[in-house]
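Peer 1: Before we start, here is the structure in question, set down as structure tokens.
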Amino acid sequence: PRHTARRRLERRHSMLTFTLLTPSLNARPAVLTSAASRASAPHMMAWKSDTSIGSALRSSRDTLGIGQVPSNLIGNVVPTSIGKELTPASVAAPAAVTEAEVLECQAKWANAIASISSVYLEEGDFVAAAGEAAGELYGYGHHNVLFKPTKATKHPFRATGAEAMSYFVGAEAMKNDEFKGEDAGFAINGGKGWSKVVFTNHQIDLNGATAQAMGDYVFTDATSGDKVRVEYTFGYKRCADGKPRIYLHHSSVPYSAAPAAVT
């Protein structure tokens, strides 16, 4: 009957499609024997004659295991014989950074500065305290960090964790001769310490796996009680361990116009 013949034709087409799109990793596709089949699938015959592709597929089998998608295909759509698509949708995207997490990161940063100063003034291991705080707060080792400290001069950008540590605890403590004379230890206020840091956000902008905050923070000198206002831009990024950490930190003192020249 006509319907039976049609179903047979559909099954045959499905088998041809499946053979084309999912070749065996152990052997090349079978030779198409009918002239009609060869005419309808010249690309398949060309594939069979390309031994380099077969070798690459067998190599992929040994490296990745049957059924895995090679990494160079991630991000592409792979068609199948049943009309569905394999996409990277099964790979979960990082959770969005929330405003509450931004505020928590800022509170931890402020507490870390006061805590490092306290350990220093008590003659404790402030370098270890700073290292632990930096690992928790900054994304060094997880992703690139764009850090422009407030008081850096000859080395205004700190791309590594070691350079950031030199800025926070001082070049002397880090035995970093290159930064001596520049890094007095911001986290310990050059030896005077900070007792408190207060953040005031001008604006927080949430952008999925990252968030940015701009505003000013006020540092209270632990020795004199004087307050110093500094302006900042922070960026936070979700890391592979699920924690948001700083990937951008730009800090500067407010602009002050120079006095007019005496004429």
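Ordering of the structure tokens sets the chain letters (A, B, ...); residue numbers start at 1 within each chain; ligands are numbered from 1 in the order shown.
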Any idea what's packed within 8 Å of segment 214-231 of chain A, counting only C-alpha atoms, ignoring anything in its chain fewer than 6 positions away? Could you give it as number ranges by chain?

Peer 2: A: 150, 189, 192-204, 251-254

Peer 1: Hey, which of A:Gly191, A:Gly131, A:Pro94, A:Pro149 ends up closest to Asn207 of chain A? Count only C-alpha atoms.

Peer 2: A:Pro94

Peer 1: Would you mind listing what lies within 7 Å of segment 116-124 of chain A as number ranges by chain, with only C-alpha atoms counted and same-chain residues fewer than 2 positions away left out?

Peer 2: A: 112-114, 126, 129-130, 187-188, 193-194

Peer 1: Could the residues in this selection be written to a file with N, CA, C and O atoms, as an mmCIF file, in the first residue's frame?

Peer 2:
data_model
loop_
_atom_site.group_PDB
_atom_site.id
_atom_site.type_symbol
_atom_site.label_atom_id
_atom_site.label_comp_id
_atom_site.auth_asym_id
_atom_site.auth_seq_id
_atom_site.Cartn_x
_atom_site.Cartn_y
_atom_site.Cartn_z
ATOM 1 N N ALA A 112 38.098 43.878 56.578
ATOM 2 C CA ALA A 112 39.449 43.353 56.392
ATOM 3 C C ALA A 112 40.497 44.439 56.619
ATOM 4 O O ALA A 112 41.533 44.184 57.250
ATOM 5 N N ILE A 113 40.256 45.647 56.116
ATOM 6 C CA ILE A 113 41.212 46.739 56.301
ATOM 7 C C ILE A 113 41.389 47.051 57.784
ATOM 8 O O ILE A 113 42.522 47.178 58.289
ATOM 9 N N ALA A 114 40.276 47.147 58.511
ATOM 10 C CA ALA A 114 40.357 47.432 59.947
ATOM 11 C C ALA A 114 41.028 46.284 60.701
ATOM 12 O O ALA A 114 41.817 46.508 61.626
ATOM 13 N N PHE A 126 50.387 40.404 60.351
ATOM 14 C CA PHE A 126 49.449 41.142 59.505
ATOM 15 C C PHE A 126 49.577 40.757 58.036
ATOM 16 O O PHE A 126 48.622 40.901 57.272
ATOM 17 N N ALA A 129 47.357 37.827 57.605
ATOM 18 C CA ALA A 129 45.964 38.287 57.670
ATOM 19 C C ALA A 129 45.560 38.945 56.354
ATOM 20 O O ALA A 129 44.452 38.725 55.843
ATOM 21 N N ALA A 130 46.479 39.734 55.780
ATOM 22 C CA ALA A 130 46.194 40.403 54.508
ATOM 23 C C ALA A 130 46.104 39.385 53.373
ATOM 24 O O ALA A 130 45.255 39.511 52.481
ATOM 25 N N ALA A 187 46.953 49.109 53.729
ATOM 26 C CA ALA A 187 46.045 48.475 54.698
ATOM 27 C C ALA A 187 46.434 48.770 56.136
ATOM 28 O O ALA A 187 45.609 48.633 57.053
ATOM 29 N N ILE A 188 47.696 49.185 56.353
ATOM 30 C CA ILE A 188 48.131 49.532 57.712
ATOM 31 C C ILE A 188 48.363 51.036 57.825
ATOM 32 O O ILE A 188 48.918 51.509 58.825
ATOM 33 N N GLY A 193 47.691 52.713 60.915
ATOM 34 C CA GLY A 193 46.502 51.868 60.976
ATOM 35 C C GLY A 193 45.213 52.612 60.656
ATOM 36 O O GLY A 193 45.140 53.847 60.728
ATOM 37 N N TRP A 194 44.190 51.834 60.271
ATOM 38 C CA TRP A 194 42.831 52.353 60.072
ATOM 39 C C TRP A 194 41.894 51.676 61.071
ATOM 40 O O TRP A 194 41.983 50.479 61.284
#

Peer 1: I'd like to know which residues of segment 71-262 of chain A are strand (DSSP E or B) (by DSSP, run on the backbone); could you write them as a ChimeraX atom specification?

Peer 2: /A:78-79,85-86,138,146-148,194-207,210-221,227-238,244-252

Peer 1: Quick one: residues within 10 Å of Ala95 of chain A, only C-alpha atoms counted, chain neighbours fewer than 6 positions away excluded, as a PyMOL selection string?

Peer 2: chain A and resi 208-210+238-239+242-244

Peer 1: Restrict the selected residues to N, CA and C atoms and save them as a PDB file, in the first residue's frame.

Peer 2:
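After the write, part_7.pdb holds the following:
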ATOM      1  N   GLY A 208      24.296  40.555  35.329  1.00  0.00           N
ATOM      2  CA  GLY A 208      24.426  39.103  35.281  1.00  0.00           C
ATOM      3  C   GLY A 208      25.524  38.613  36.201  1.00  0.00           C
ATOM      4  N   ALA A 209      26.528  37.938  35.617  1.00  0.00           N
ATOM      5  CA  ALA A 209      27.608  37.353  36.417  1.00  0.00           C
ATOM      6  C   ALA A 209      28.599  38.396  36.922  1.00  0.00           C
ATOM      7  N   THR A 210      28.401  39.675  36.562  1.00  0.00           N
ATOM      8  CA  THR A 210      29.234  40.752  37.082  1.00  0.00           C
ATOM      9  C   THR A 210      28.350  41.874  37.616  1.00  0.00           C
ATOM     10  N   ARG A 238      31.422  36.676  39.395  1.00  0.00           N
ATOM     11  CA  ARG A 238      31.204  35.347  39.956  1.00  0.00           C
ATOM     12  C   ARG A 238      32.343  34.415  39.536  1.00  0.00           C
ATOM     13  N   CYS A 239      32.978  33.749  40.505  1.00  0.00           N
ATOM     14  CA  CYS A 239      34.070  32.825  40.216  1.00  0.00           C
ATOM     15  C   CYS A 239      33.547  31.399  40.089  1.00  0.00           C
ATOM     16  N   GLY A 242      31.693  29.761  42.826  1.00  0.00           N
ATOM     17  CA  GLY A 242      30.395  30.341  43.172  1.00  0.00           C
ATOM     18  C   GLY A 242      30.465  31.656  43.914  1.00  0.00           C
ATOM     19  N   LYS A 243      31.659  32.074  44.341  1.00  0.00           N
ATOM     20  CA  LYS A 243      31.787  33.303  45.117  1.00  0.00           C
ATOM     21  C   LYS A 243      32.066  34.495  44.213  1.00  0.00           C
ATOM     22  N   PRO A 244      31.415  35.628  44.485  1.00  0.00           N
ATOM     23  CA  PRO A 244      31.784  36.848  43.744  1.00  0.00           C
ATOM     24  C   PRO A 244      33.042  37.452  44.351  1.00  0.00           C
TER      25      PRO A 244
END

Peer 1: Between atom CA of Ala159 of chain A and atom CA of Ala93 of chain A, what is the distance, to one decimal in Å?

Peer 2: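 About the pair atom CA of Ala159 of chain A and atom CA of Ala93 of chain A: they are 26.3 Å apart.
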
Peer 1: Enter the distance from atom CA of Asp177 of chain A to atom CA of Lys151 of chain A, in Å, rounded to one decimal.

Peer 2: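 Going from atom CA of Asp177 of chain A over to atom CA of Lys151 of chain A, I get 17.4 Å.
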
Peer 1: Quick one: of A:Phe147, A:Trp109, A:Tyr247, A:Phe234, who's nearest to Glu132 of chain A, counting only C-alpha atoms?

Peer 2: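 Going through A:Phe147, A:Trp109, A:Tyr247, A:Phe234 one by one, the smallest distance to Glu132 of chain A is for A:Trp109.
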
Peer 1: Take atom CA of Val169 of chain A and atom CA of Ala240 of chain A and report the distance between them in Å, one decimal.

Peer 2: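 Going from atom CA of Val169 of chain A over to atom CA of Ala240 of chain A covers 27.5 Å.
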
Peer 1: Please provide the set of residues having any atom within 12 Å of Lys154 of chain A, restricted to only C-alpha atoms, with same-chain residues fewer than 6 positions apart removed, written as an NGL selection string.

Peer 2: :A and (148 or 167 or 178-183)

Peer 1: Name the closest residue to Glu163 of chain A among the candidates A:His143, A:His250, A:Arg245, A:Lys175; distances are taken between atoms, counting only C-alpha atoms.

Peer 2: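 Smallest distance to Glu163 of chain A is found for A:Lys175.
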